[in-house]
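Next comes input.cif, a file with mmCIF, C-alpha atoms.
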```
data_start
#
loop_
_atom_site.label_atom_id
_atom_site.label_comp_id
_atom_site.auth_asym_id
_atom_site.auth_seq_id
_atom_site.Cartn_x
_atom_site.Cartn_y
_atom_site.Cartn_z
CA MET A 10 -73.28 22.35 -39.67
CA LEU A 11 -69.80 23.57 -38.81
CA ASP A 12 -70.48 22.76 -35.16
CA LYS A 13 -71.34 19.21 -36.14
CA VAL A 14 -68.16 18.75 -38.18
CA ILE A 15 -65.99 20.13 -35.37
CA PHE A 16 -67.73 17.98 -32.77
CA TYR A 17 -67.38 14.76 -34.73
CA PHE A 18 -63.75 15.53 -35.54
CA PHE A 19 -62.74 16.03 -31.92
CA ALA A 20 -65.00 13.27 -30.59
CA GLY A 21 -63.52 10.77 -33.04
CA ILE A 22 -59.99 11.71 -32.05
CA ALA A 23 -60.86 11.52 -28.35
CA VAL A 24 -62.55 8.10 -28.46
CA GLY A 25 -59.99 6.60 -30.86
CA SER A 26 -56.96 7.68 -28.90
CA ALA A 27 -58.61 6.67 -25.61
CA ALA A 28 -59.16 3.16 -26.99
CA LEU A 29 -55.55 3.04 -28.21
CA MET A 30 -54.37 4.25 -24.79
CA VAL A 31 -56.02 1.34 -23.02
CA THR A 32 -54.75 -1.27 -25.48
CA ARG A 33 -51.11 -0.27 -26.13
CA ARG A 34 -48.46 -2.37 -24.43
CA ASN A 35 -45.82 0.35 -24.17
CA VAL A 36 -46.57 2.79 -21.34
CA VAL A 37 -45.03 5.74 -23.18
CA HIS A 38 -47.37 5.16 -26.12
CA SER A 39 -50.29 5.07 -23.67
CA ALA A 40 -49.19 8.41 -22.23
CA ILE A 41 -48.95 10.00 -25.69
CA PHE A 42 -52.41 8.73 -26.67
CA LEU A 43 -53.80 10.05 -23.38
CA ILE A 44 -52.33 13.47 -24.24
CA THR A 45 -54.08 13.31 -27.62
CA ALA A 46 -57.39 12.41 -25.97
CA LEU A 47 -57.06 15.27 -23.48
CA LEU A 48 -56.25 17.75 -26.28
CA ALA A 49 -59.30 16.56 -28.22
CA THR A 50 -61.41 17.11 -25.09
CA ALA A 51 -59.99 20.62 -24.91
CA GLY A 52 -61.28 21.09 -28.46
CA ILE A 53 -64.73 19.93 -27.32
CA PHE A 54 -64.60 22.51 -24.52
CA LEU A 55 -63.78 25.22 -27.04
CA GLN A 56 -66.66 24.09 -29.22
CA LEU A 57 -68.90 24.44 -26.13
CA ARG A 58 -67.58 28.03 -25.73
CA ALA A 59 -65.82 27.32 -22.44
CA GLU A 60 -62.62 29.16 -23.34
CA PHE A 61 -61.25 29.31 -19.81
CA LEU A 62 -61.56 25.57 -19.30
CA PHE A 63 -59.99 25.01 -22.72
CA ILE A 64 -56.85 26.86 -21.63
CA VAL A 65 -56.86 25.28 -18.16
CA GLN A 66 -57.20 21.83 -19.71
CA ILE A 67 -54.17 22.36 -21.93
CA ILE A 68 -51.97 24.04 -19.32
CA LEU A 69 -52.87 21.85 -16.36
CA TYR A 70 -53.60 18.42 -17.84
CA VAL A 71 -51.31 18.32 -20.84
CA GLY A 72 -48.62 20.59 -19.45
CA GLY A 73 -48.65 19.55 -15.81
CA ILE A 74 -50.16 16.18 -15.04
CA MET A 75 -48.89 14.42 -18.15
CA VAL A 76 -45.33 15.69 -17.57
CA LEU A 77 -45.59 14.17 -14.10
CA PHE A 78 -46.71 10.87 -15.62
CA VAL A 79 -43.87 10.83 -18.15
CA PHE A 80 -41.36 11.57 -15.38
CA VAL A 81 -42.61 8.62 -13.35
CA ILE A 82 -42.56 6.35 -16.42
CA MET A 83 -38.93 7.41 -16.86
CA LEU A 84 -38.14 6.68 -13.20
CA VAL A 85 -39.64 3.20 -13.00
CA ASN A 86 -38.10 0.42 -15.01
CA LEU A 87 -39.89 0.16 -18.32
CA ASP A 88 -38.12 -2.72 -20.05
CA VAL A 89 -39.15 -5.34 -17.51
CA SER A 90 -42.85 -4.61 -17.71
CA LEU A 91 -42.75 -4.65 -21.53
CA LEU A 92 -42.04 -8.37 -21.62
CA GLN A 93 -44.80 -9.36 -19.27
CA LEU A 94 -48.49 -10.05 -19.66
CA LYS A 95 -50.41 -6.84 -20.43
CA PHE A 96 -53.87 -7.52 -19.06
CA ALA A 97 -54.86 -8.90 -15.71
CA ARG A 98 -57.32 -11.77 -15.99
CA GLN A 99 -60.43 -9.70 -15.36
CA LYS A 100 -61.77 -9.51 -18.89
CA TRP A 101 -65.20 -10.78 -17.87
CA VAL A 102 -65.58 -8.33 -15.03
CA ALA A 103 -64.73 -5.52 -17.43
CA LEU A 104 -67.18 -6.82 -20.01
CA ILE A 105 -70.01 -7.06 -17.47
CA VAL A 106 -69.35 -3.55 -16.13
CA ALA A 107 -69.26 -2.14 -19.66
CA LEU A 108 -72.51 -3.92 -20.57
CA VAL A 109 -74.27 -2.67 -17.42
CA LEU A 110 -73.16 0.91 -18.06
CA GLY A 111 -74.16 0.58 -21.72
CA GLY A 112 -77.58 -0.70 -20.72
CA GLN A 113 -78.03 2.24 -18.39
CA VAL A 114 -77.21 4.74 -21.12
CA GLY A 115 -79.39 2.82 -23.56
CA VAL A 116 -82.35 3.13 -21.17
CA MET A 117 -81.60 6.84 -20.86
CA PHE A 118 -81.65 7.33 -24.65
CA TRP A 119 -84.75 5.15 -25.02
CA SER A 120 -86.74 6.91 -22.30
CA SER A 121 -85.77 10.42 -23.39
CA GLY A 122 -87.80 9.96 -26.59
CA LYS A 123 -90.90 9.10 -24.53
CA MET A 124 -90.84 12.14 -22.28
CA PRO A 125 -93.17 15.08 -22.91
CA GLY A 126 -90.19 17.22 -24.00
CA GLN A 127 -89.55 14.76 -26.86
CA GLY A 128 -85.89 13.95 -27.13
CA PHE A 129 -82.85 15.78 -25.97
CA PRO A 130 -82.83 19.53 -25.63
CA VAL A 131 -80.70 21.28 -28.23
CA LEU A 132 -77.98 23.64 -27.08
CA ASN A 133 -79.06 27.15 -27.96
CA ALA A 134 -76.90 28.83 -30.55
CA ALA A 135 -76.28 32.28 -29.17
CA ALA A 136 -73.92 34.26 -31.35
CA ALA A 137 -70.37 34.21 -30.05
CA ASN A 138 -70.12 37.97 -29.76
CA ARG A 139 -73.23 38.15 -27.57
CA LEU A 140 -71.95 35.70 -24.98
CA PRO A 141 -70.42 37.22 -21.84
CA PRO A 142 -66.64 36.85 -21.50
CA ASN A 143 -66.18 33.32 -20.25
CA ALA A 144 -63.18 33.76 -17.92
CA GLU A 145 -64.88 36.74 -16.28
CA GLU A 146 -68.09 34.75 -15.66
CA VAL A 147 -66.14 31.81 -14.21
CA ALA A 148 -64.14 34.11 -11.94
CA LYS A 149 -67.29 35.87 -10.71
CA SER A 150 -68.95 32.57 -9.87
CA LEU A 151 -65.79 31.08 -8.38
CA PHE A 152 -65.06 33.97 -6.06
CA SER A 153 -68.63 34.70 -4.97
CA SER A 154 -70.83 31.58 -4.77
CA TYR A 155 -68.04 29.01 -4.57
CA LEU A 156 -65.48 30.79 -2.42
CA LEU A 157 -65.43 28.17 0.34
CA PRO A 158 -64.99 25.19 -2.02
CA PHE A 159 -62.22 27.16 -3.73
CA GLU A 160 -60.35 27.56 -0.45
CA ILE A 161 -60.91 23.89 0.39
CA ALA A 162 -59.48 22.95 -3.02
CA SER A 163 -56.36 24.97 -2.25
CA VAL A 164 -55.99 23.13 1.08
CA LEU A 165 -56.46 19.83 -0.79
CA LEU A 166 -53.69 20.74 -3.22
CA LEU A 167 -51.39 21.62 -0.30
CA VAL A 168 -52.12 18.28 1.36
CA ALA A 169 -51.51 16.44 -1.92
CA MET A 170 -48.21 18.26 -2.42
CA ILE A 171 -46.96 17.39 1.07
CA GLY A 172 -48.21 13.82 0.66
CA ALA A 173 -46.44 13.37 -2.67
CA VAL A 174 -43.17 14.70 -1.26
CA VAL A 175 -43.38 12.44 1.80
CA MET A 176 -44.27 9.40 -0.33
CA ALA A 177 -41.50 9.89 -2.87
CA LYS A 178 -38.83 10.83 -0.31
CA LYS A 179 -35.99 8.39 0.15
CA ARG A 180 -36.16 6.51 3.42
CA THR A 181 -32.96 7.05 5.32
CA MET B 6 -76.24 23.44 -32.50
CA LEU B 7 -76.13 19.83 -31.44
CA PRO B 8 -78.54 18.08 -29.08
CA ILE B 9 -77.11 17.34 -25.66
CA GLY B 10 -77.29 13.59 -26.33
CA HIS B 11 -74.18 13.76 -28.51
CA TYR B 12 -72.12 15.07 -25.63
CA LEU B 13 -73.64 12.56 -23.20
CA PHE B 14 -72.75 9.72 -25.54
CA LEU B 15 -69.18 10.95 -26.04
CA SER B 16 -68.77 11.26 -22.29
CA PHE B 17 -70.21 7.76 -21.81
CA ALA B 18 -67.82 6.26 -24.35
CA LEU B 19 -64.78 7.83 -22.72
CA PHE B 20 -66.04 6.78 -19.27
CA VAL B 21 -66.49 3.14 -20.29
CA ILE B 22 -63.07 3.02 -21.96
CA GLY B 23 -61.57 4.38 -18.75
CA VAL B 24 -63.42 1.83 -16.59
CA ILE B 25 -62.24 -1.02 -18.82
CA GLY B 26 -58.69 0.28 -18.52
CA VAL B 27 -58.92 0.47 -14.72
CA ILE B 28 -60.25 -3.07 -14.45
CA THR B 29 -58.13 -4.90 -17.00
CA ARG B 30 -54.68 -3.31 -17.11
CA ARG B 31 -51.89 -4.67 -14.93
CA ASN B 32 -49.58 -1.67 -15.05
CA VAL B 33 -50.52 0.73 -12.26
CA ILE B 34 -49.40 3.78 -14.22
CA VAL B 35 -51.87 2.97 -17.00
CA VAL B 36 -54.57 2.42 -14.35
CA LEU B 37 -53.92 5.94 -13.03
CA MET B 38 -54.08 7.32 -16.58
CA SER B 39 -57.44 5.61 -17.06
CA VAL B 40 -58.70 7.31 -13.90
CA GLU B 41 -57.68 10.65 -15.43
CA LEU B 42 -59.68 9.71 -18.53
CA ILE B 43 -62.77 8.97 -16.39
CA LEU B 44 -62.53 12.35 -14.64
CA ASN B 45 -62.17 13.99 -18.04
CA ALA B 46 -65.33 12.29 -19.32
CA VAL B 47 -67.27 13.70 -16.35
CA ASN B 48 -65.95 17.16 -17.21
CA ILE B 49 -67.46 16.94 -20.70
CA ASN B 50 -70.87 16.29 -19.13
CA LEU B 51 -70.55 19.20 -16.74
CA VAL B 52 -69.50 21.66 -19.42
CA ALA B 53 -72.20 20.51 -21.85
CA PHE B 54 -74.94 21.02 -19.24
CA SER B 55 -73.41 24.34 -18.24
CA ARG B 56 -73.79 25.42 -21.88
CA LEU B 57 -77.32 24.03 -22.11
CA TYR B 58 -78.62 25.96 -19.12
CA GLY B 59 -76.42 29.01 -19.61
CA ASP B 60 -75.16 28.62 -16.05
CA VAL B 61 -71.44 28.90 -15.44
CA ALA B 62 -71.53 26.76 -12.27
CA GLY B 63 -70.87 23.61 -14.28
CA GLN B 64 -67.59 25.01 -15.51
CA VAL B 65 -66.63 25.92 -11.93
CA PHE B 66 -67.23 22.34 -10.86
CA ALA B 67 -65.18 21.12 -13.82
CA LEU B 68 -62.36 23.30 -12.50
CA PHE B 69 -62.66 21.64 -9.08
CA ILE B 70 -62.52 18.23 -10.75
CA ILE B 71 -59.35 19.22 -12.60
CA ALA B 72 -57.81 20.30 -9.27
CA ASP B 73 -58.82 16.94 -7.78
CA ALA B 74 -57.26 15.11 -10.72
CA ALA B 75 -54.00 16.96 -10.19
CA ALA B 76 -53.94 16.09 -6.48
CA GLU B 77 -54.82 12.46 -7.20
CA ALA B 78 -52.10 12.15 -9.85
CA ALA B 79 -49.45 13.64 -7.54
CA VAL B 80 -50.26 11.36 -4.60
CA GLY B 81 -50.79 8.28 -6.77
CA LEU B 82 -47.50 8.70 -8.58
CA GLY B 83 -45.73 9.28 -5.26
CA ILE B 84 -47.15 5.99 -4.01
CA ILE B 85 -46.03 4.26 -7.22
CA ILE B 86 -42.48 5.57 -6.80
CA ALA B 87 -42.37 4.47 -3.15
CA PHE B 88 -43.72 1.03 -4.07
CA PHE B 89 -41.29 0.65 -6.95
CA ARG B 90 -38.41 1.48 -4.63
CA ASN B 91 -39.43 -1.30 -2.26
CA ARG B 92 -40.60 -4.06 -4.59
CA GLU B 93 -39.08 -3.30 -8.02
CA THR B 94 -42.43 -3.66 -9.82
CA VAL B 95 -45.35 -1.55 -11.01
CA LEU B 96 -47.73 -4.44 -11.75
CA ALA B 97 -51.02 -4.45 -9.88
CA ASP B 98 -51.23 -8.20 -9.24
CA GLU B 99 -47.82 -8.26 -7.59
CA MET B 100 -48.97 -5.76 -4.99
CA ASP B 101 -50.02 -8.50 -2.56
CA LEU B 102 -48.41 -7.52 0.75
CA LEU B 103 -51.76 -7.63 2.51
CA LYS B 104 -52.56 -11.14 1.25
CA TRP B 105 -51.69 -14.13 3.40
#
```

How would this structure read if it were set down as structure tokens?
Amino acid sequence: MLDKVIFYFFAGIAVGSAALMVTRRNVVHSAIFLITALLATAGIFLQLRAEFLFIVQIILYVGGIMVLFVFVIMLVNLDVSLLQLKFARQKWVALIVALVLGGQVGVMFWSSGKMPGQGFPVLNAAAANRLPPNAEEVAKSLFSSYLLPFEIASVLLLVAMIGAVVMAKKRT
Amino acid sequence: MLPIGHYLFLSFALFVIGVIGVITRRNVIVVLMSVELILNAVNINLVAFSRLYGDVAGQVFALFIIADAAAEAAVGLGIIIAFFRNRETVLADEMDLLKW
């Protein structure tokens, strides 16, 4: 019961602020609503007992990436874009894509009731004190089974850092 | 606990909102933010299935996706700054240098 209340609370905040983010004209408002959506997703992660990802989501997304976004919004000229048309004329493309994706998910929900398992599996409710420590489990998996992807991710971040510096550098 | 369908539907809703933002918005910064939202929606799926099967690998992949999102945001915003310096605009339909 409590799980349900928490889930619907965070899911409502996430979907509502995501919709507001897409529709606001002011870019700063969009950024703030995106922060709210990301924080609500962090709450969903906590409800799923993924404590490490909860912290990483807050520190990295809200603390790192969104600060970067706000900096760039500050650097580029905001007032000019406020007066102009908000949406490109691709409403119908967006509508068709949304309908196709919705149909796909609808088929998924419809066919899951017909399968021998009958409906969606329910997440098992192990007591919180019997779960293994989440950060420890993630670290074990990350540094044993997924060591090579981890190193590749670090190389990717290095490349992205150099690329961002080169892109944003002033041409002499 | 909740059935997994709740999480799938939440993830789907966020994904579709992000796709609509990518397709319809003119401001490139908002397009990049919508891409972040899409990546986030995928993360919800991964973590929910990781919880369902009691396997921590899903959370590891969510971590990789967060690292990817950080790299993508850094490079994308660098491109936006470089473009703004040259053309004084951040609107997607004015980025037409390759058109003739």

### Task
Check what the PyMOL selection byres ((chain B and resi 73) around 10) selects in the file above and give those residues as a PyMOL selection string.
(chain A and resi 162+165-166+169) or (chain B and resi 41+44+67-72+74-79)

Applied to this file, what does the PyMOL selection byres ((chain A and resi 64) around 12) return in terms of residues, put as a short mmCIF file (atom, residue, chain, number, x, y, z; two decimals) with C-alpha atoms, keeping the file's coordinate frame?
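Just written: part26.cif:
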```cif
data_model
loop_
_atom_site.label_atom_id
_atom_site.label_comp_id
_atom_site.auth_asym_id
_atom_site.auth_seq_id
_atom_site.Cartn_x
_atom_site.Cartn_y
_atom_site.Cartn_z
CA LEU A 47 -57.06 15.27 -23.48
CA LEU A 48 -56.25 17.75 -26.28
CA THR A 50 -61.41 17.11 -25.09
CA ALA A 51 -59.99 20.62 -24.91
CA GLY A 52 -61.28 21.09 -28.46
CA ILE A 53 -64.73 19.93 -27.32
CA PHE A 54 -64.60 22.51 -24.52
CA LEU A 55 -63.78 25.22 -27.04
CA ARG A 58 -67.58 28.03 -25.73
CA ALA A 59 -65.82 27.32 -22.44
CA GLU A 60 -62.62 29.16 -23.34
CA PHE A 61 -61.25 29.31 -19.81
CA LEU A 62 -61.56 25.57 -19.30
CA PHE A 63 -59.99 25.01 -22.72
CA VAL A 65 -56.86 25.28 -18.16
CA GLN A 66 -57.20 21.83 -19.71
CA ILE A 67 -54.17 22.36 -21.93
CA ILE A 68 -51.97 24.04 -19.32
CA LEU A 69 -52.87 21.85 -16.36
CA TYR A 70 -53.60 18.42 -17.84
CA VAL A 71 -51.31 18.32 -20.84
CA GLY A 72 -48.62 20.59 -19.45
CA ASN A 143 -66.18 33.32 -20.25
CA ALA A 144 -63.18 33.76 -17.92
CA LEU B 68 -62.36 23.30 -12.50
#
```

### Task
Determine the residue membership of the PyMOL selection byres ((chain A and resi 31) around 10) for the file above and supply it as a list in words.
Ser26, Ala27, Ala28, Leu29, Met30, Thr32, Arg33, Arg34, Val36, His38, Ser39, Ala40, Phe42, Leu43 and Phe96 of chain A; Ile22, Gly23, Val24, Ile25, Gly26, Val27, Thr29, Arg30, Val35, Val36, Met38 and Ser39 of chain B

### Of the listed residues A:Gly25, A:Gly112, A:Pro141, A:Gly172, that which approaches chain B most closely, counting all atoms listed in the file
A:Gly172

### Query
In Å to one decimal, how far is atom CA of Glu99 of chain B from atom CA of Arg31 of chain B?
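Between atom CA of Arg31 of chain B and atom CA of Glu99 of chain B the gap is 9.1 Å.
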
### Query
In Å to one decimal, how far is atom CA of Leu110 of chain A from atom CA of Ala53 of chain B?
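So the answer is 20.0 Å.
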
### Task
Go through A:Leu132, A:Val175, A:Leu108, A:Met117 one by one, measure the shortest atom-to-atom distance of each to Pro8 of chain B using all atoms listed in the file, and give the residue with the smallest value.
A:Leu132

### Message
Report as a list in words all protein, DNA and RNA residues lying within 8 Å of segment 16-20 of chain B, evaluated on all atoms listed in the file, omitting residues in the same chain fewer than 6 positions from it.
### Response
Ala23, Val24, Ala27 and Val114 of chain A; Leu42, Ile43, Ala46, Val47, Ile49 and Asn50 of chain B
